[in-house]
$ cat target-v4.cif   # mmCIF, C-alpha atoms and all ligand atoms
data_input
loop_
_atom_site.label_atom_id
_atom_site.label_comp_id
_atom_site.auth_asym_id
_atom_site.auth_seq_id
_atom_site.Cartn_x
_atom_site.Cartn_y
_atom_site.Cartn_z
CA MET W 515 -3.39 40.02 -10.34
CA ASN W 516 -4.95 36.68 -9.61
CA ASN W 517 -4.31 34.52 -12.62
CA ASP W 518 -5.72 31.28 -11.20
CA GLU W 519 -8.55 31.15 -13.67
CA LYS W 520 -6.01 30.93 -16.48
CA LEU W 521 -3.88 28.27 -14.85
CA PRO W 522 -4.39 24.80 -16.30
CA ARG W 523 -5.67 22.29 -13.75
CA HIS W 524 -4.48 19.29 -15.75
CA VAL W 525 -1.35 19.27 -17.94
CA ALA W 526 -0.09 16.32 -19.98
CA ILE W 527 3.37 16.08 -21.53
CA ILE W 528 4.72 13.95 -24.37
CA MET W 529 8.32 13.77 -23.19
CA ASP W 530 10.05 13.43 -26.57
CA GLY W 531 13.59 14.01 -27.81
CA ASN W 532 15.79 11.99 -25.45
CA GLY W 533 17.42 10.00 -28.25
CA ARG W 534 18.29 13.07 -30.31
CA TRP W 535 19.59 14.89 -27.23
CA ALA W 536 22.02 12.00 -26.59
CA LYS W 537 23.01 11.76 -30.24
CA GLN W 538 23.89 15.47 -30.32
CA ARG W 539 26.38 14.70 -27.57
CA GLY W 540 27.82 11.66 -29.32
CA LYS W 541 26.23 9.30 -26.78
CA ILE W 542 23.93 6.32 -27.09
CA ARG W 543 20.16 6.91 -26.92
CA THR W 544 19.74 5.51 -23.43
CA PHE W 545 22.02 8.25 -22.08
CA GLY W 546 19.23 10.64 -23.11
CA HIS W 547 16.59 8.61 -21.26
CA LYS W 548 18.65 8.78 -18.10
CA ALA W 549 19.09 12.54 -18.49
CA GLY W 550 15.33 12.81 -19.02
CA VAL W 551 14.70 11.65 -15.44
CA ASP W 552 16.02 15.01 -14.15
CA SER W 553 13.47 16.81 -16.32
CA VAL W 554 10.73 14.62 -14.83
CA ARG W 555 11.80 15.68 -11.34
CA SER W 556 11.84 19.34 -12.27
CA ALA W 557 8.45 19.14 -14.03
CA VAL W 558 6.88 17.50 -10.96
CA SER W 559 8.36 20.10 -8.63
CA PHE W 560 7.27 22.97 -10.90
CA ALA W 561 3.72 21.61 -11.20
CA ARG W 562 3.42 21.37 -7.42
CA LYS W 563 4.77 24.86 -6.87
CA ARG W 564 2.48 26.41 -9.45
CA GLY W 565 -0.61 24.68 -8.10
CA ILE W 566 -1.30 22.53 -11.15
CA GLU W 567 -3.55 19.73 -9.86
CA VAL W 568 -2.72 16.93 -12.27
CA LEU W 569 0.41 16.19 -14.32
CA THR W 570 0.20 13.31 -16.80
CA LEU W 571 3.49 12.18 -18.34
CA PHE W 572 3.82 9.93 -21.40
CA ALA W 573 6.69 7.64 -20.43
CA PHE W 574 6.26 4.64 -22.74
CA SER W 575 3.79 4.14 -25.58
CA SER W 576 2.20 0.90 -26.73
CA GLU W 577 4.28 1.32 -29.91
CA ASN W 578 7.59 1.77 -28.06
CA TRP W 579 7.81 -2.03 -27.57
CA ASN W 580 8.92 -2.13 -31.21
CA ARG W 581 12.19 -0.35 -30.41
CA PRO W 582 15.44 -2.36 -30.17
CA ALA W 583 15.21 -4.83 -27.26
CA ASP W 584 18.13 -3.32 -25.36
CA GLU W 585 16.55 0.15 -25.42
CA VAL W 586 13.22 -1.27 -24.19
CA GLY W 587 15.16 -3.13 -21.47
CA VAL W 588 16.87 0.06 -20.28
CA LEU W 589 13.56 1.96 -20.24
CA MET W 590 11.92 -0.73 -18.09
CA GLU W 591 14.90 -0.84 -15.76
CA LEU W 592 14.85 2.94 -15.46
CA PHE W 593 11.14 2.91 -14.65
CA ASN W 594 11.80 0.31 -11.95
CA LEU W 595 14.75 2.22 -10.49
CA VAL W 596 12.94 5.56 -10.48
CA LEU W 597 9.92 4.02 -8.77
CA LYS W 598 12.22 2.55 -6.16
CA SER W 599 14.25 5.68 -5.52
CA GLU W 600 11.65 8.46 -5.88
CA VAL W 601 8.44 7.20 -4.29
CA LYS W 602 9.39 8.12 -0.73
CA LYS W 603 10.19 11.66 -1.80
CA LEU W 604 6.95 11.93 -3.77
CA HIS W 605 5.06 10.73 -0.72
CA LYS W 606 6.83 13.22 1.52
CA ASN W 607 5.86 15.97 -0.93
CA ASP W 608 2.21 14.89 -0.77
CA VAL W 609 2.17 13.72 -4.42
CA ARG W 610 -0.25 10.97 -5.43
CA LEU W 611 1.23 8.62 -8.02
CA LYS W 612 -0.85 6.72 -10.52
CA VAL W 613 0.13 4.61 -13.49
CA VAL W 614 -2.20 4.56 -16.49
CA GLY W 615 -1.94 2.13 -19.38
CA ASP W 616 -1.97 -1.60 -19.95
CA THR W 617 0.37 -2.82 -17.23
CA SER W 618 -0.42 -6.49 -17.97
CA ARG W 619 2.65 -6.67 -20.19
CA PHE W 620 5.08 -5.56 -17.46
CA ASP W 621 6.94 -8.07 -15.33
CA ALA W 622 5.38 -9.05 -12.00
CA LYS W 623 8.00 -7.26 -9.92
CA LEU W 624 7.35 -3.97 -11.69
CA VAL W 625 3.57 -4.38 -11.39
CA ALA W 626 3.92 -5.06 -7.66
CA ARG W 627 6.10 -1.99 -7.24
CA ILE W 628 3.53 0.14 -9.10
CA HIS W 629 0.71 -1.10 -6.86
CA GLU W 630 2.75 -0.45 -3.73
CA ALA W 631 3.54 3.10 -4.82
CA GLU W 632 -0.09 3.79 -5.72
CA ALA W 633 -1.30 2.44 -2.39
CA LEU W 634 1.27 4.37 -0.35
CA THR W 635 0.44 7.71 -2.00
CA ALA W 636 -3.30 7.17 -2.50
CA ASN W 637 -4.44 9.90 -0.08
CA ASN W 638 -1.96 12.60 -1.08
CA GLN W 639 -3.40 15.94 -2.16
CA SER W 640 -0.75 18.33 -3.53
CA LEU W 641 -0.50 16.90 -7.03
CA VAL W 642 -1.68 13.85 -8.94
CA LEU W 643 1.17 12.48 -11.02
CA ASN W 644 -0.03 10.07 -13.72
CA ILE W 645 2.62 8.08 -15.49
CA ALA W 646 1.35 6.74 -18.81
CA ALA W 647 3.19 3.49 -19.36
CA ASN W 648 2.36 1.05 -22.14
CA TYR W 649 -0.37 3.53 -22.86
CA GLY W 650 -2.08 4.07 -26.21
CA GLY W 651 -5.04 6.35 -26.89
CA ARG W 652 -6.69 3.72 -29.07
CA TRP W 653 -6.13 1.05 -26.41
CA ASP W 654 -7.86 3.37 -23.91
CA ILE W 655 -10.93 3.77 -26.15
CA VAL W 656 -11.15 0.07 -27.01
CA HIS W 657 -10.75 -0.82 -23.32
CA ALA W 658 -13.70 1.44 -22.43
CA ALA W 659 -15.79 -0.07 -25.23
CA LYS W 660 -15.04 -3.59 -23.99
CA GLU W 661 -16.11 -2.76 -20.44
CA LEU W 662 -19.36 -1.25 -21.67
CA VAL W 663 -20.10 -4.21 -23.95
CA ALA W 664 -19.50 -6.60 -21.03
CA GLN W 665 -21.95 -4.61 -18.90
CA ALA W 666 -24.51 -4.61 -21.72
CA VAL W 667 -24.16 -8.35 -22.28
CA SER W 668 -24.66 -9.04 -18.57
CA GLY W 669 -27.72 -6.79 -18.54
CA GLN W 670 -26.28 -4.14 -16.19
CA ILE W 671 -26.82 -1.44 -18.81
CA GLN W 672 -28.80 -0.97 -22.02
CA ALA W 673 -27.12 0.10 -25.27
CA SER W 674 -29.23 3.26 -25.07
CA ASP W 675 -27.59 4.15 -21.73
CA ILE W 676 -24.26 4.74 -23.49
CA ASP W 677 -23.57 8.42 -23.97
CA GLU W 678 -20.39 10.54 -23.87
CA SER W 679 -20.50 10.90 -20.13
CA LEU W 680 -20.85 7.16 -19.43
CA PHE W 681 -18.20 6.34 -22.03
CA ASP W 682 -15.86 8.87 -20.45
CA ARG W 683 -16.22 7.18 -17.07
CA HIS W 684 -14.66 4.04 -18.56
CA THR W 685 -11.60 5.78 -19.99
CA SER W 686 -8.30 6.48 -18.18
CA LEU W 687 -8.13 9.67 -16.08
CA SER W 688 -11.93 9.97 -15.95
CA GLU W 689 -12.01 10.73 -12.23
CA LEU W 690 -9.64 13.69 -12.71
CA PRO W 691 -10.21 17.25 -13.98
CA GLN W 692 -10.42 17.35 -17.76
CA LEU W 693 -7.20 17.81 -19.69
CA ASP W 694 -6.44 21.51 -20.26
CA LEU W 695 -3.01 21.55 -21.86
CA LEU W 696 -0.92 19.07 -23.82
CA ILE W 697 2.78 19.89 -24.20
CA ARG W 698 4.99 17.99 -26.62
CA THR W 699 8.75 18.51 -26.49
CA GLY W 700 11.16 17.43 -29.21
CA GLY W 701 9.76 19.38 -32.15
CA GLU W 702 7.26 16.93 -33.67
CA SER W 703 3.73 18.20 -34.31
CA ARG W 704 1.78 15.02 -33.65
CA VAL W 705 0.08 13.25 -30.77
CA SER W 706 1.52 9.75 -31.36
CA ASN W 707 -1.50 7.88 -30.01
CA PHE W 708 -1.52 9.70 -26.65
CA LEU W 709 -4.77 10.75 -24.95
CA LEU W 710 -7.03 10.72 -28.04
CA TRP W 711 -10.38 10.82 -26.25
CA GLN W 712 -9.22 13.28 -23.57
CA LEU W 713 -7.65 15.71 -26.09
CA ALA W 714 -10.99 16.82 -27.56
CA TYR W 715 -10.75 20.38 -26.21
CA ALA W 716 -7.25 20.50 -24.76
CA GLU W 717 -4.91 23.29 -25.82
CA LEU W 718 -1.85 22.01 -27.69
CA TYR W 719 1.68 23.37 -27.22
CA PHE W 720 4.58 22.11 -29.31
CA THR W 721 8.14 23.10 -28.52
CA PRO W 722 11.43 22.18 -30.26
CA THR W 723 13.13 21.90 -26.85
CA LEU W 724 14.31 18.32 -26.35
CA TRP W 725 12.98 16.66 -23.18
CA PRO W 726 16.29 16.61 -21.22
CA ASP W 727 16.52 20.41 -21.80
CA PHE W 728 12.93 21.06 -20.67
CA ASP W 729 13.50 22.91 -17.39
CA GLU W 730 11.27 25.00 -15.12
CA ASN W 731 11.64 28.07 -17.38
CA ALA W 732 10.53 26.07 -20.40
CA PHE W 733 7.54 24.75 -18.45
CA ALA W 734 6.72 28.30 -17.30
CA SER W 735 6.77 29.49 -20.95
CA ALA W 736 4.25 26.81 -21.89
CA ILE W 737 1.97 27.87 -19.03
CA ASN W 738 2.25 31.54 -20.00
CA ASP W 739 1.36 30.68 -23.58
CA TYR W 740 -1.69 28.76 -22.35
CA SER W 741 -2.75 31.62 -20.06
CA ALA W 742 -2.86 34.04 -22.99
CA ARG W 743 -5.27 31.89 -25.00
CA GLN W 744 -9.02 32.14 -25.19
CA ARG W 745 -10.74 28.76 -24.96
CA ARG W 746 -14.03 28.96 -26.79
CA PHE W 747 -15.45 25.40 -26.72
CA GLY W 748 -17.47 26.14 -29.84
CA LEU W 749 -18.80 29.50 -28.65
CA THR W 750 -17.93 32.90 -30.11
CA GLY W 751 -15.23 35.02 -28.53
CA GLU W 752 -17.90 37.57 -27.54
CA GLN W 753 -19.93 34.91 -25.75
CA VAL W 754 -16.88 33.77 -23.80
CA ASP W 755 -16.03 37.36 -22.79
CA ALA W 756 -19.58 38.16 -21.70
C1 LIG W 801 11.14 10.01 -25.78
O1 LIG W 801 12.35 10.23 -26.41
C2 LIG W 801 11.19 8.90 -24.76
C3 LIG W 801 10.45 7.69 -25.13
C4 LIG W 801 9.75 7.53 -26.21
C5 LIG W 801 10.49 6.60 -24.19
P1 LIG W 801 12.77 9.43 -27.70
O2 LIG W 801 13.49 8.20 -27.29
O3 LIG W 801 11.59 9.19 -28.59
O4 LIG W 801 13.76 10.46 -28.39
P2 LIG W 801 13.88 10.80 -29.94
O5 LIG W 801 12.52 11.22 -30.40
O6 LIG W 801 14.36 9.57 -30.62
O7 LIG W 801 14.87 11.92 -29.96
C1 LIG W 802 5.94 9.38 -28.02
O1 LIG W 802 7.20 9.55 -28.54
C2 LIG W 802 5.97 8.43 -26.85
C3 LIG W 802 6.61 8.93 -25.65
C4 LIG W 802 7.15 10.13 -25.47
C5 LIG W 802 6.62 8.03 -24.53
P1 LIG W 802 7.73 8.70 -29.77
O2 LIG W 802 9.14 9.12 -30.01
O3 LIG W 802 7.49 7.26 -29.54
O4 LIG W 802 6.78 9.20 -30.96
P2 LIG W 802 6.96 9.08 -32.54
O5 LIG W 802 7.35 7.67 -32.83
O6 LIG W 802 8.02 10.02 -32.95
O7 LIG W 802 5.63 9.46 -33.12
MG MG W 803 10.76 10.24 -30.09
#
$ encode --input "target-v4.cif" --output "structure tokens"
Amino acid sequence: MNNDEKLPRHVAIIMDGNGRWAKQRGKIRTFGHKAGVDSVRSAVSFARKRGIEVLTLFAFSSENWNRPADEVGVLMELFNLVLKSEVKKLHKNDVRLKVVGDTSRFDAKLVARIHEAEALTANNQSLVLNIAANYGGRWDIVHAAKELVAQAVSGQIQASDIDESLFDRHTSLSELPQLDLLIRTGGESRVSNFLLWQLAYAELYFTPTLWPDFDENAFASAINDYSARQRRFGLTGEQVDA
């Protein structure tokens, strides 16, 4: 049976639970972040194999700056190291890497590394991997509003030109297929300021599995759950079936 129609084109994941995973093992929180890198690798490889077009991973939220300074430091260092060590392999596997979020707060070396990785992989086709770093859903919406106001003030557009489609074009991920499925690991049933605008009609999947334990089987279970759902977009079930 060809199940392609039921396969999500764009999946986003809130990778939560690293700290608790480490704590369960009597280790410090950052041990969990390091273990989480293996789950990132396996999620990317699974997404490619299954033919998912876009994978968006929440790596660091705009609120995560408020964590203890040493934890923030380790997360930044890890991001740097992973970029350095993994980009070649991503490129070889035809993966296009993009970073979404407000990178202005990152140090210059990290920003340069991000730009290099994006440029190197820009024409790759197998999978788009978006890393959301210093990302906040409210930031994304305000950022779009600011761009539109600037265009209105300079006379490029009229206020009456602003509709959902134009607004959408100023938000992150707008050039990609719409978000189909949001997965959150770690057991919390909240979106923690992730893709607020883009979530409008996404399917939500919450699992107690902690991120470092989220392997290919766990990802496959989420996809199977999604495939069994009927997305109605406001219509009746009968209309969708017709
Ligand atoms: C998610 O794991 C990773 C980041 C937020 C960077 P946590 O660090 O939030 O892990 P828990 O939720 O404390 O277990
Ligand atoms: C969300 O997890 C952010 C990331 C996974 C990067 P948090 O652990 O920061 O979310 P809250 O604080 O529990 O809502
Ligand atoms: Mg957490």
$ closest_atom_pairs --input "target-v4.cif" --of "segment 633-675 of chain W" --to "segment 590-604 of chain W" --cutoff "12 Å" --atoms "all atoms listed in the file" --output "tab-separated table"
residue	atom	partner	partner_atom	distance
W:Ala633	CA	W:Val601	CA	11.0
W:Leu634	CA	W:Val601	CA	8.7
W:Thr635	CA	W:Leu604	CA	8.0
W:Ala636	CA	W:Leu604	CA	11.4
W:Asn638	CA	W:Leu604	CA	9.3
W:Gln639	CA	W:Leu604	CA	11.2
W:Ser640	CA	W:Leu604	CA	10.0
W:Leu641	CA	W:Leu604	CA	9.5
W:Val642	CA	W:Leu604	CA	10.2
W:Leu643	CA	W:Leu604	CA	9.3
W:Ile645	CA	W:Phe593	CA	10.0
W:Ala646	CA	W:Phe593	CA	11.3
W:Ala647	CA	W:Phe593	CA	9.3
W:Asn648	CA	W:Met590	CA	10.5
$ residues_near_ligand --input "target-v4.cif" --ligand "ligand LIG 801 (chain W)" --cutoff "9 Å" --atoms "only C-alpha atoms and all ligand atoms" --output "ChimeraX atom specification"
/W:528-537,543-544,546-547,550,572-575,578,585-586,589,699-702,724-725
$ closest_residue --input "target-v4.cif" --among "W:Arg562, W:Arg698, W:Arg743, W:Arg610" --to "ligand MG 803 (chain W)" --atoms "all atoms listed in the file"
W:Arg698
$ atom_distance --input "target-v4.cif" --atom1 "atom CA of Asp552 of chain W" --atom2 "atom CA of Ser576 of chain W"
23.4 Å
$ atom_distance --input "target-v4.cif" --atom1 "atom CA of Tyr740 of chain W" --atom2 "atom CA of Leu713 of chain W"
14.8 Å
$ closest_residue --input "target-v4.cif" --among "W:Pro582, W:Gly751, W:Gly651, W:Gly587" --to "Val614 of chain W" --atoms "only C-alpha atoms"
W:Gly651
$ residues_around --input "target-v4.cif" --residues "Glu577 of chain W" --least-positions-apart "2" --cutoff "10 Å" --atoms "only C-alpha atoms" --output "PyMOL selection string"
chain W and resi 574-575+579-581+648-650+706-707
$ write_last_selection --input "target-v4.cif" --atoms "C-alpha atoms" --output "tab-separated table (two decimals), in the frame of the given file"
chain	number	residue	atom	x	y	z
W	574	PHE	CA	6.26	4.64	-22.74
W	575	SER	CA	3.79	4.14	-25.58
W	579	TRP	CA	7.81	-2.03	-27.57
W	580	ASN	CA	8.92	-2.13	-31.21
W	581	ARG	CA	12.19	-0.35	-30.41
W	648	ASN	CA	2.36	1.05	-22.14
W	649	TYR	CA	-0.37	3.53	-22.86
W	650	GLY	CA	-2.08	4.07	-26.21
W	706	SER	CA	1.52	9.75	-31.36
W	707	ASN	CA	-1.50	7.88	-30.01
$ atom_distance --input "target-v4.cif" --atom1 "atom CA of Trp711 of chain W" --atom2 "atom CA of Gln665 of chain W"
20.6 Å
